[in-house]
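Listing of final.csv; format and content: CSV, C-alpha atoms and all ligand atoms.
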```
chain,number,residue,atom,x,y,z
A,930,MET,CA,26.7,23.8,7.4
A,931,SER,CA,26.0,22.9,3.8
A,932,GLN,CA,23.0,24.5,2.1
A,933,LEU,CA,21.1,23.2,-0.9
A,934,MET,CA,18.3,24.9,-2.7
A,935,LEU,CA,16.1,22.7,-4.9
A,936,ARG,CA,14.0,24.9,-7.2
A,937,ASN,CA,10.9,24.1,-9.1
A,938,VAL,CA,9.9,20.6,-8.0
A,939,ARG,CA,6.5,19.1,-7.5
A,940,PRO,CA,6.0,17.1,-4.3
A,941,PHE,CA,4.0,13.9,-5.1
A,942,GLY,CA,3.0,15.6,-8.4
A,943,HIS,CA,1.4,18.7,-6.8
A,944,GLY,CA,2.2,22.3,-7.7
A,945,ALA,CA,5.8,23.5,-8.1
A,946,ILE,CA,7.7,24.7,-5.1
A,947,ASP,CA,11.2,25.1,-3.8
A,948,VAL,CA,12.8,23.0,-1.0
A,949,SER,CA,15.6,24.4,1.1
A,950,VAL,CA,18.0,22.1,2.8
A,951,ALA,CA,20.4,23.0,5.7
A,952,GLY,CA,22.8,20.3,6.7
A,953,ASP,CA,20.9,17.0,6.6
A,954,THR,CA,17.5,18.6,7.2
A,955,ILE,CA,14.7,20.1,5.2
A,956,SER,CA,14.7,23.7,6.5
A,957,ALA,CA,12.0,25.4,4.4
A,958,ILE,CA,9.4,24.6,1.7
A,959,GLY,CA,7.5,27.1,-0.4
A,960,ARG,CA,7.3,29.2,-3.5
A,961,ASP,CA,10.2,31.4,-4.5
A,962,LEU,CA,12.2,30.8,-1.3
A,963,PRO,CA,15.0,33.3,-0.6
A,964,LEU,CA,18.4,31.9,-1.4
A,965,PRO,CA,20.6,31.4,1.7
A,966,ALA,CA,24.2,32.7,1.3
A,967,GLY,CA,26.5,30.1,-0.1
A,968,ALA,CA,23.7,27.7,-1.0
A,969,THR,CA,24.1,25.4,-4.0
A,970,VAL,CA,21.2,25.6,-6.4
A,971,ALA,CA,19.7,22.6,-8.2
A,972,ASP,CA,17.0,23.2,-10.9
A,973,GLY,CA,14.3,20.6,-10.6
A,974,ALA,CA,12.8,21.6,-13.9
A,975,GLY,CA,9.3,20.7,-12.7
A,976,ALA,CA,10.2,17.1,-11.9
A,977,LEU,CA,8.1,15.0,-9.5
A,978,LEU,CA,9.6,15.1,-6.0
A,979,LEU,CA,9.4,12.0,-3.7
A,980,PRO,CA,10.9,11.4,-0.3
A,981,GLY,CA,13.8,9.0,-0.2
A,982,LEU,CA,12.5,5.5,-1.0
A,983,ILE,CA,12.5,2.7,1.6
A,984,GLU,CA,13.4,-1.0,1.1
A,985,GLY,CA,11.5,-2.6,4.0
A,986,HIS,CA,12.4,-6.2,3.6
A,987,THR,CA,15.5,-7.5,1.8
A,988,HIS,CA,18.5,-9.8,2.3
A,989,LEU,CA,21.6,-7.8,1.2
A,990,ASP,CA,24.0,-10.4,2.7
A,991,LYS,CA,22.8,-13.2,0.4
A,992,SER,CA,22.9,-11.3,-2.9
A,993,LEU,CA,25.1,-12.1,-5.9
A,994,TRP,CA,24.5,-8.6,-7.3
A,995,GLY,CA,27.3,-7.4,-9.5
A,996,GLY,CA,28.8,-10.9,-9.8
A,997,PRO,CA,28.8,-13.4,-12.6
A,998,TRP,CA,25.5,-15.1,-13.4
A,999,HIS,CA,24.5,-17.8,-10.9
A,1000,ARG,CA,23.0,-20.9,-12.4
A,1001,ASN,CA,19.9,-21.8,-10.3
A,1002,GLU,CA,19.1,-25.5,-10.1
A,1003,VAL,CA,17.4,-25.5,-6.7
A,1004,GLY,CA,14.6,-27.9,-5.7
A,1005,PRO,CA,11.0,-26.8,-5.4
A,1006,SER,CA,10.5,-26.4,-1.6
A,1007,ARG,CA,11.5,-23.7,0.8
A,1008,LEU,CA,13.6,-26.2,2.8
A,1009,ASP,CA,15.4,-27.1,-0.5
A,1010,ARG,CA,16.3,-23.4,-0.9
A,1011,ILE,CA,17.6,-23.1,2.6
A,1012,GLU,CA,19.7,-26.3,2.3
A,1013,ASN,CA,20.9,-25.3,-1.1
A,1014,GLU,CA,22.0,-21.9,0.1
A,1015,ARG,CA,23.9,-23.3,3.1
A,1016,ALA,CA,25.8,-25.8,0.8
A,1017,TRP,CA,26.5,-23.1,-1.8
A,1018,ARG,CA,27.9,-20.8,0.9
A,1019,ALA,CA,30.2,-23.4,2.3
A,1020,ARG,CA,31.8,-24.0,-1.1
A,1021,SER,CA,31.7,-20.6,-2.7
A,1022,GLY,CA,33.5,-18.3,-0.2
A,1023,HIS,CA,30.7,-15.8,-0.5
A,1024,ASP,CA,31.6,-12.4,0.9
A,1025,PRO,CA,28.6,-10.9,2.6
A,1026,ALA,CA,30.3,-7.5,3.1
A,1027,ALA,CA,31.2,-7.0,-0.6
A,1028,ALA,CA,27.8,-8.3,-1.7
A,1029,SER,CA,25.8,-6.1,0.6
A,1030,LEU,CA,27.8,-3.0,-0.2
A,1031,ALA,CA,27.5,-3.5,-4.0
A,1032,LEU,CA,23.7,-3.8,-3.6
A,1033,ALA,CA,23.4,-0.9,-1.1
A,1034,ARG,CA,25.3,1.5,-3.5
A,1035,ASP,CA,22.9,0.7,-6.3
A,1036,PHE,CA,19.9,1.1,-4.0
A,1037,LEU,CA,21.2,4.6,-3.2
A,1038,ALA,CA,21.6,5.5,-6.9
A,1039,ASN,CA,17.9,4.6,-7.3
A,1040,GLY,CA,16.9,6.9,-4.5
A,1041,THR,CA,16.6,4.4,-1.6
A,1042,THR,CA,17.9,6.0,1.6
A,1043,ARG,CA,16.5,3.6,4.3
A,1044,ILE,CA,16.8,-0.2,4.2
A,1045,ARG,CA,15.7,-3.0,6.6
A,1046,THR,CA,17.8,-6.0,5.8
A,1047,HIS,CA,17.7,-9.5,7.3
A,1048,ALA,CA,21.2,-11.0,8.0
A,1049,ASP,CA,21.5,-14.8,8.3
A,1050,ILE,CA,22.5,-16.1,11.6
A,1051,ASP,CA,23.1,-19.9,11.9
A,1052,THR,CA,25.4,-22.4,13.6
A,1053,GLU,CA,27.6,-22.8,10.4
A,1054,ILE,CA,28.3,-19.1,9.6
A,1055,GLY,CA,27.9,-17.7,13.1
A,1056,LEU,CA,27.8,-14.0,12.9
A,1057,ALA,CA,29.8,-13.6,9.7
A,1058,HIS,CA,26.8,-12.2,7.7
A,1059,LEU,CA,25.9,-9.8,10.5
A,1060,HIS,CA,29.4,-8.5,10.6
A,1061,GLY,CA,29.6,-8.2,6.8
A,1062,THR,CA,26.3,-6.2,6.8
A,1063,MET,CA,27.5,-4.0,9.7
A,1064,ARG,CA,30.5,-3.1,7.6
A,1065,THR,CA,28.1,-2.0,4.9
A,1066,ARG,CA,26.0,0.0,7.5
A,1067,ASP,CA,29.3,1.8,8.5
A,1068,ALA,CA,30.3,2.4,4.9
A,1069,MET,CA,26.9,3.9,3.9
A,1070,ALA,CA,26.4,5.9,7.2
A,1071,GLY,CA,25.4,9.4,6.3
A,1072,THR,CA,23.5,8.3,3.2
A,1073,ILE,CA,21.6,5.1,3.8
A,1074,GLU,CA,20.1,4.4,7.2
A,1075,LEU,CA,20.4,0.6,7.5
A,1076,GLN,CA,18.4,-1.5,10.0
A,1077,ILE,CA,19.8,-5.0,10.4
A,1078,VAL,CA,17.6,-7.9,11.5
A,1079,ALA,CA,19.3,-10.9,13.1
A,1080,PHE,CA,17.6,-13.6,11.1
A,1081,PRO,CA,17.7,-17.3,12.0
A,1082,GLN,CA,17.1,-18.5,8.5
A,1083,SER,CA,17.5,-22.2,9.4
A,1084,GLY,CA,15.4,-22.0,12.5
A,1085,LEU,CA,15.9,-21.0,16.1
A,1086,THR,CA,15.0,-23.6,18.7
A,1087,ASN,CA,15.4,-26.6,16.3
A,1088,ARG,CA,19.2,-25.9,16.0
A,1089,PRO,CA,20.9,-25.8,19.3
A,1090,GLY,CA,23.3,-22.9,19.7
A,1091,THR,CA,21.3,-20.5,17.5
A,1092,GLU,CA,19.7,-18.7,20.5
A,1093,ALA,CA,23.1,-17.9,21.9
A,1094,LEU,CA,24.2,-16.6,18.5
A,1095,MET,CA,21.0,-14.4,18.3
A,1096,ASP,CA,21.8,-13.1,21.7
A,1097,ALA,CA,25.4,-12.2,20.7
A,1098,ALA,CA,24.1,-10.7,17.4
A,1099,LEU,CA,21.8,-8.3,19.3
A,1100,ARG,CA,24.7,-7.4,21.7
A,1101,GLU,CA,27.0,-6.7,18.8
A,1102,GLY,CA,24.9,-4.5,16.7
A,1103,ALA,CA,21.8,-6.1,15.2
A,1104,ASP,CA,18.8,-3.7,15.4
A,1105,VAL,CA,15.9,-6.1,15.2
A,1106,VAL,CA,15.1,-9.7,16.3
A,1107,GLY,CA,14.2,-11.8,13.3
A,1108,GLY,CA,12.3,-15.1,13.1
A,1109,ILE,CA,10.9,-17.6,10.7
A,1110,ASP,CA,7.9,-20.0,10.5
A,1111,PRO,CA,7.6,-21.2,14.1
A,1112,CYS,CA,5.5,-24.2,13.2
A,1113,ALA,CA,7.0,-25.3,9.8
A,1114,ILE,CA,10.7,-24.7,10.5
A,1115,ASP,CA,11.1,-24.9,14.3
A,1116,ARG,CA,8.2,-27.3,14.7
A,1117,ASP,CA,7.6,-26.0,18.3
A,1118,PRO,CA,5.8,-22.6,17.8
A,1119,VAL,CA,5.1,-21.8,21.5
A,1120,ARG,CA,8.7,-22.3,22.5
A,1121,CYS,CA,10.1,-20.6,19.4
A,1122,LEU,CA,8.0,-17.5,19.8
A,1123,ASP,CA,8.6,-17.4,23.6
A,1124,VAL,CA,12.4,-17.4,22.9
A,1125,THR,CA,12.0,-14.8,20.1
A,1126,PHE,CA,10.0,-12.4,22.3
A,1127,ALA,CA,12.3,-13.0,25.3
A,1128,LEU,CA,15.3,-12.0,23.1
A,1129,ALA,CA,13.4,-8.8,22.1
A,1130,SER,CA,12.5,-8.0,25.8
A,1131,ARG,CA,16.1,-8.6,27.0
A,1132,HIS,CA,17.6,-6.4,24.4
A,1133,GLY,CA,14.8,-3.8,24.1
A,1134,ARG,CA,14.5,-4.4,20.3
A,1135,PRO,CA,11.6,-4.7,17.9
A,1136,ILE,CA,10.7,-8.0,16.1
A,1137,ASP,CA,10.3,-8.9,12.4
A,1138,ILE,CA,9.2,-12.5,11.7
A,1139,HIS,CA,9.1,-14.2,8.3
A,1140,LEU,CA,5.7,-16.0,8.2
A,1141,HIS,CA,5.4,-18.1,5.0
A,1142,GLU,CA,3.2,-20.7,6.6
A,1143,PRO,CA,0.1,-21.5,4.7
A,1144,GLY,CA,-3.6,-21.1,5.6
A,1145,GLU,CA,-4.6,-22.4,9.1
A,1146,MET,CA,-1.0,-23.1,10.1
A,1147,GLY,CA,0.0,-19.5,9.5
A,1148,ALA,CA,-3.1,-18.1,11.1
A,1149,PHE,CA,-2.3,-20.2,14.2
A,1150,SER,CA,1.3,-18.8,14.4
A,1151,LEU,CA,0.0,-15.3,13.7
A,1152,ASP,CA,-2.4,-15.7,16.6
A,1153,LEU,CA,0.5,-16.7,18.9
A,1154,ILE,CA,2.5,-13.7,17.7
A,1155,LEU,CA,-0.4,-11.3,18.4
A,1156,GLU,CA,-1.0,-12.8,21.8
A,1157,ARG,CA,2.6,-12.2,22.8
A,1158,THR,CA,2.7,-8.7,21.3
A,1159,GLN,CA,-0.2,-7.8,23.6
A,1160,ALA,CA,1.0,-9.6,26.7
A,1161,LEU,CA,4.5,-8.1,26.5
A,1162,GLY,CA,3.4,-4.6,25.5
A,1163,MET,CA,5.2,-4.8,22.1
A,1164,GLN,CA,2.5,-2.7,20.3
A,1165,GLY,CA,4.0,-0.8,17.4
A,1166,ARG,CA,7.2,-2.9,17.5
A,1167,VAL,CA,6.3,-6.1,15.7
A,1168,VAL,CA,6.3,-6.7,11.9
A,1169,VAL,CA,5.0,-9.9,10.2
A,1170,SER,CA,6.8,-10.4,6.9
A,1171,HIS,CA,4.9,-12.0,4.1
A,1172,GLY,CA,1.9,-13.3,6.1
A,1173,PHE,CA,0.9,-15.4,3.2
A,1174,CYS,CA,-1.8,-17.1,5.3
A,1175,LEU,CA,-3.8,-13.8,5.2
A,1176,GLY,CA,-4.2,-14.4,1.5
A,1177,ALA,CA,-5.5,-17.9,1.9
A,1178,ILE,CA,-7.9,-18.1,4.9
A,1179,PRO,CA,-11.6,-17.1,4.6
A,1180,ASP,CA,-12.2,-13.3,4.5
A,1181,ARG,CA,-14.0,-13.3,7.9
A,1182,ASP,CA,-11.0,-15.0,9.6
A,1183,ARG,CA,-8.6,-12.7,7.8
A,1184,ASP,CA,-10.5,-9.6,8.8
A,1185,GLY,CA,-10.5,-10.7,12.4
A,1186,LEU,CA,-6.7,-11.1,12.4
A,1187,LEU,CA,-6.2,-7.8,10.5
A,1188,ALA,CA,-8.4,-6.0,13.1
A,1189,ARG,CA,-6.2,-7.4,15.9
A,1190,MET,CA,-3.1,-6.4,14.0
A,1191,ALA,CA,-4.4,-2.9,13.6
A,1192,ARG,CA,-5.3,-2.6,17.3
A,1193,LEU,CA,-1.8,-3.8,18.3
A,1194,ASP,CA,-0.1,-1.7,15.6
A,1195,VAL,CA,1.5,-4.8,14.1
A,1196,ALA,CA,2.6,-4.1,10.5
A,1197,ILE,CA,2.8,-6.4,7.5
A,1198,ALA,CA,5.7,-6.5,5.1
A,1199,THR,CA,4.8,-7.6,1.6
A,1200,THR,CA,7.1,-8.4,-1.2
A,1201,ALA,CA,4.3,-9.1,-3.7
A,1202,PRO,CA,5.7,-12.4,-5.1
A,1203,ALA,CA,4.3,-13.4,-8.5
A,1204,SER,CA,2.6,-16.5,-7.4
A,1205,GLY,CA,0.9,-18.0,-4.3
A,1206,PRO,CA,-1.5,-16.2,-1.9
A,1207,VAL,CA,-0.5,-12.8,-0.5
A,1208,PRO,CA,-2.4,-10.5,1.9
A,1209,SER,CA,-4.6,-8.1,0.0
A,1210,LEU,CA,-3.3,-4.6,0.2
A,1211,ALA,CA,-6.8,-3.2,0.0
A,1212,ALA,CA,-8.0,-5.4,2.9
A,1213,CYS,CA,-4.9,-4.4,5.0
A,1214,ARG,CA,-5.6,-0.7,4.3
A,1215,ALA,CA,-9.3,-1.1,5.1
A,1216,ALA,CA,-8.4,-2.6,8.4
A,1217,GLY,CA,-5.9,0.1,9.2
A,1218,VAL,CA,-2.8,-2.2,9.1
A,1219,THR,CA,0.4,-0.5,8.1
A,1220,VAL,CA,1.9,-2.2,5.0
A,1221,ILE,CA,5.7,-2.2,4.2
A,1222,GLY,CA,7.0,-3.0,0.8
A,1223,GLY,CA,10.2,-4.9,0.0
A,1224,ASN,CA,12.0,-7.0,-2.6
A,1225,ASP,CA,13.0,-9.9,-0.4
A,1226,GLY,CA,16.0,-11.5,-1.9
A,1227,ILE,CA,17.6,-9.9,-4.9
A,1228,ARG,CA,19.6,-12.0,-7.4
A,1229,ASP,CA,20.7,-14.7,-5.0
A,1230,THR,CA,20.6,-18.5,-4.7
A,1231,TRP,CA,16.9,-18.3,-3.9
A,1232,THR,CA,15.8,-16.1,-6.9
A,1233,PRO,CA,17.2,-14.8,-10.1
A,1234,TYR,CA,14.7,-11.9,-10.0
A,1235,ALA,CA,14.4,-8.3,-8.5
A,1236,ARG,CA,16.5,-5.3,-8.6
A,1237,PRO,CA,17.5,-2.5,-6.2
A,1238,ASP,CA,14.7,-0.1,-7.3
A,1239,MET,CA,11.8,0.5,-5.0
A,1240,LEU,CA,9.7,2.2,-7.7
A,1241,ASP,CA,10.0,-1.1,-9.6
A,1242,ARG,CA,8.9,-3.0,-6.5
A,1243,ALA,CA,6.0,-0.6,-6.0
A,1244,MET,CA,4.9,-1.5,-9.5
A,1245,HIS,CA,5.0,-5.2,-8.7
A,1246,ILE,CA,2.9,-4.5,-5.5
A,1247,GLY,CA,0.4,-2.7,-7.8
A,1248,LEU,CA,0.4,-5.5,-10.3
A,1249,ARG,CA,0.0,-8.2,-7.7
A,1250,ASN,CA,-2.9,-6.4,-6.1
A,1251,ALA,CA,-4.5,-5.5,-9.5
A,1252,LEU,CA,-4.3,-1.8,-8.8
A,1253,ARG,CA,-5.4,0.2,-11.8
A,1254,ARG,CA,-6.7,3.6,-10.6
A,1255,ASP,CA,-4.2,6.4,-10.0
A,1256,ASP,CA,-5.4,6.8,-6.3
A,1257,GLU,CA,-4.8,3.0,-5.8
A,1258,LEU,CA,-1.3,3.2,-7.3
A,1259,GLU,CA,-0.5,5.8,-4.6
A,1260,TRP,CA,-1.1,3.0,-2.1
A,1261,ALA,CA,1.7,1.1,-3.8
A,1262,LEU,CA,4.0,4.0,-3.4
A,1263,GLU,CA,3.1,4.4,0.3
A,1264,CYS,CA,4.4,0.8,0.9
A,1265,VAL,CA,7.9,2.0,-0.1
A,1266,THR,CA,7.7,5.4,1.5
A,1267,SER,CA,5.5,6.5,4.5
A,1268,GLY,CA,4.1,3.0,5.3
A,1269,ALA,CA,7.6,1.5,5.4
A,1270,ALA,CA,8.9,4.4,7.5
A,1271,ARG,CA,6.0,3.9,10.0
A,1272,GLY,CA,6.3,0.1,10.1
A,1273,CYS,CA,10.0,-0.1,10.4
A,1274,GLY,CA,10.3,3.0,12.7
A,1275,PHE,CA,12.5,5.2,10.5
A,1276,ALA,CA,12.4,8.7,12.1
A,1277,ARG,CA,12.3,12.2,10.6
A,1278,TYR,CA,10.8,10.8,7.4
A,1279,GLY,CA,8.9,12.7,4.8
A,1280,LEU,CA,8.8,16.0,2.9
A,1281,GLY,CA,8.1,18.2,5.8
A,1282,VAL,CA,10.3,20.9,7.5
A,1283,GLY,CA,12.5,19.1,10.0
A,1284,ASP,CA,12.5,15.8,8.2
A,1285,ARG,CA,15.8,14.3,7.0
A,1286,ALA,CA,16.5,15.7,3.6
A,1287,ASP,CA,16.2,12.5,1.5
A,1288,LEU,CA,14.8,13.6,-1.8
A,1289,VAL,CA,14.3,11.9,-5.2
A,1290,LEU,CA,13.4,13.5,-8.5
A,1291,VAL,CA,11.9,11.7,-11.4
A,1292,ASP,CA,10.4,12.8,-14.7
A,1293,ALA,CA,6.8,11.8,-14.2
A,1294,ALA,CA,3.5,13.8,-14.2
A,1295,THR,CA,2.0,11.9,-11.2
A,1296,VAL,CA,2.8,9.3,-8.6
A,1297,ALA,CA,0.9,6.7,-10.6
A,1298,GLU,CA,3.1,7.3,-13.6
A,1299,ALA,CA,6.3,7.1,-11.4
A,1300,VAL,CA,5.1,3.8,-10.0
A,1301,VAL,CA,4.3,2.3,-13.4
A,1302,ALA,CA,7.2,3.6,-15.4
A,1303,ALA,CA,9.9,3.6,-12.7
A,1304,PRO,CA,11.8,6.4,-14.6
A,1305,PRO,CA,15.5,7.0,-14.1
A,1306,ARG,CA,16.3,9.1,-11.0
A,1307,ARG,CA,17.2,12.6,-12.1
A,1308,LEU,CA,18.5,13.5,-8.7
A,1309,VAL,CA,19.0,11.8,-5.4
A,1310,VAL,CA,19.7,13.7,-2.2
A,1311,ALA,CA,20.6,11.6,0.9
A,1312,ALA,CA,20.8,13.3,4.2
A,1313,GLY,CA,21.2,16.7,2.5
A,1314,ARG,CA,23.9,15.6,0.1
A,1315,VAL,CA,23.6,15.0,-3.6
A,1316,ALA,CA,24.1,11.3,-4.2
A,1317,THR,CA,23.7,11.3,-7.9
A,1318,THR,CA,23.4,13.8,-10.7
A,1319,PRO,CA,21.8,13.3,-14.1
A,1320,PRO,CA,24.2,12.2,-16.9
A,1401,ZN,ZN,12.9,-12.5,3.5
```
For the file at hand, write its structure as structure tokens.
Amino acid sequence: MSQLMLRNVRPFGHGAIDVSVAGDTISAIGRDLPLPAGATVADGAGALLLPGLIEGHTHLDKSLWGGPWHRNEVGPSRLDRIENERAWRARSGHDPAAASLALARDFLANGTTRIRTHADIDTEIGLAHLHGTMRTRDAMAGTIELQIVAFPQSGLTNRPGTEALMDAALREGADVVGGIDPCAIDRDPVRCLDVTFALASRHGRPIDIHLHEPGEMGAFSLDLILERTQALGMQGRVVVSHGFCLGAIPDRDRDGLLARMARLDVAIATTAPASGPVPSLAACRAAGVTVIGGNDGIRDTWTPYARPDMLDRAMHIGLRNALRRDDELEWALECVTSGAARGCGFARYGLGVGDRADLVLVDAATVAEAVVAAPPRRLVVAAGRVATTPP
């Protein structure tokens, strides 16, 4: 079993300690730990130590990362972006396996060791994007733990044949049942959500639903999601991605929904987009709702923005939520660390003995400085193995 000793590191900016790693596991933490025979020693030089970062909501399969610049001329609505992407895919020969692998490798170099990615499922591409993303999951096994959400981007019940494809995706290796805007895309929210929850029950899988719907419409869909979560005993196994409605409805209505989400342990995934309403991180925390951070799409036909760096995304979450104080900036980091682990169900996560040894070193005095500056990663350890070393 390989042994690694990380000397003189400061977990979350606290006092310097050593971390001993055996195989893929943190085996001891403390000051001046004895060196096991045959252990490799890495000097942390007092750097800030964080657990492996988590990308809790992205779309690896769509990305053009590493390729030539894509000229974006898409129309203004979400449906424009969906149609534009399908047309582009049909003529471009996009390879979801190569795209997702290029992006996953750069995520790892920046200290991300767990990813939840949504893979498009529709009646034109079938399961090609799922299969491409599964190849990346295999290629990165042992470094990145990848959860794949079967995602009906173009809708579920509105496009006959999609439900059967979702069923096949879950049989063939998707980890999570995805969904999108049951009112605005499917236009039949009760049937859409009944099918979504039935797929989850049949396959024993958790759910993660994109909910972009505005104001009252989104609140109505969210109510239906929470109703089914309770009725089917899905507590702790449902994530609502975006939940923009929570940033648009009156505070009293918002707080009522957040209280129900907290009781049912339904998490929210936020990507902190630059414009439009978003759920307030402070309000979610005050209600006890778990918040997951993610980039959403990275450099694809939807957006020219984002990069595979979860410290950078934590900065955007801080900026979008007007977080200034150091203790508030620690909330932003939680979205891409412990919050994401809890919400997505990544096990053995953290900096404790017995946790998977996913470790990130950066030159920063405090967590707040790491979030704001997103410094280069000095060292990344993934499942006990050094993934990068400083130049
Ligand atoms: Zn998304």
Do you know which residues are within 7 Å of ligand ZN 1401 (chain A) using all atoms listed in the file? Can you write them as an NGL selection string? :A and (986-988 or 1047 or 1139 or 1225-1226)
Which of these, A:Thr1086, A:Leu1037, A:Arg1020, A:Thr1072, has the shortest distance to A:Thr1052 once you count all atoms listed in the file? A:Thr1086
Counting all atoms listed in the file, which residue out of A:Leu1175, A:Ile1154, A:Ile1011, A:Ala1196 sits closest to A:Arg1120? A:Ile1154
So that I can see what lies close to A:Ala1211, please list as a PyMOL selection string the residues with an atom at most 12 Å from it, counting all atoms listed in the file and leaving out residues fewer than 5 positions away in the same chain. chain A and resi 1176+1184+1187+1216-1220+1246-1247+1249-1252+1256-1261+1264
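For the atom pair formed by atom CA of A:Phe941 and atom CA of A:Leu1248, the distance is 20.4 Å, given to one decimal.
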From the list A:Leu993, A:Val1078, A:Ala1311, A:Ile1050, which residue is nearest A:Val1168 when using only C-alpha atoms? A:Val1078
Can you tell me which residues surround A:Ala1148 at a distance of at most 8 Å, considering all atoms listed in the file, apart from same-chain residues fewer than 4 positions away, and format the answer as JSON, numbers by chain? {"A": [1143, 1144, 1152, 1174, 1175, 1178, 1186]}
Please rebuild stretch 985-997 of chain A with N, CA, C and O atoms and return the result as a CSV table (one decimal), in the frame of the given file.
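The result, stored in out_5.csv:
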```csv
chain,number,residue,atom,x,y,z
A,985,GLY,N,11.9,-2.1,2.7
A,985,GLY,CA,11.5,-2.6,4.0
A,985,GLY,C,11.7,-4.0,4.3
A,985,GLY,O,11.5,-4.5,5.5
A,986,HIS,N,12.2,-4.8,3.3
A,986,HIS,CA,12.4,-6.2,3.6
A,986,HIS,C,13.3,-6.8,2.5
A,986,HIS,O,12.9,-7.1,1.4
A,987,THR,N,14.6,-6.9,2.8
A,987,THR,CA,15.5,-7.5,1.8
A,987,THR,C,16.6,-8.3,2.5
A,987,THR,O,16.6,-8.4,3.8
A,988,HIS,N,17.5,-8.9,1.7
A,988,HIS,CA,18.5,-9.8,2.3
A,988,HIS,C,19.8,-9.4,1.5
A,988,HIS,O,20.3,-10.1,0.6
A,989,LEU,N,20.4,-8.3,1.9
A,989,LEU,CA,21.6,-7.8,1.2
A,989,LEU,C,22.7,-8.8,1.3
A,989,LEU,O,23.5,-8.9,0.4
A,990,ASP,N,22.8,-9.5,2.4
A,990,ASP,CA,24.0,-10.4,2.7
A,990,ASP,C,24.0,-11.6,1.8
A,990,ASP,O,25.1,-12.2,1.5
A,991,LYS,N,22.9,-12.0,1.2
A,991,LYS,CA,22.8,-13.2,0.4
A,991,LYS,C,23.1,-12.9,-1.1
A,991,LYS,O,23.3,-13.8,-1.9
A,992,SER,N,23.0,-11.6,-1.5
A,992,SER,CA,22.9,-11.3,-2.9
A,992,SER,C,24.2,-11.6,-3.7
A,992,SER,O,25.3,-11.5,-3.1
A,993,LEU,N,24.0,-11.9,-4.9
A,993,LEU,CA,25.1,-12.1,-5.9
A,993,LEU,C,25.2,-10.9,-6.8
A,993,LEU,O,25.8,-11.0,-7.9
A,994,TRP,N,24.6,-9.8,-6.4
A,994,TRP,CA,24.5,-8.6,-7.3
A,994,TRP,C,25.9,-8.1,-7.7
A,994,TRP,O,26.8,-8.0,-6.9
A,995,GLY,N,26.0,-7.9,-9.0
A,995,GLY,CA,27.3,-7.4,-9.5
A,995,GLY,C,28.3,-8.5,-9.9
A,995,GLY,O,29.3,-8.3,-10.5
A,996,GLY,N,28.0,-9.8,-9.5
A,996,GLY,CA,28.8,-10.9,-9.8
A,996,GLY,C,28.4,-11.6,-11.0
A,996,GLY,O,27.5,-11.2,-11.7
A,997,PRO,N,29.1,-12.7,-11.4
A,997,PRO,CA,28.8,-13.4,-12.6
A,997,PRO,C,27.4,-14.1,-12.4
A,997,PRO,O,27.0,-14.3,-11.2
```
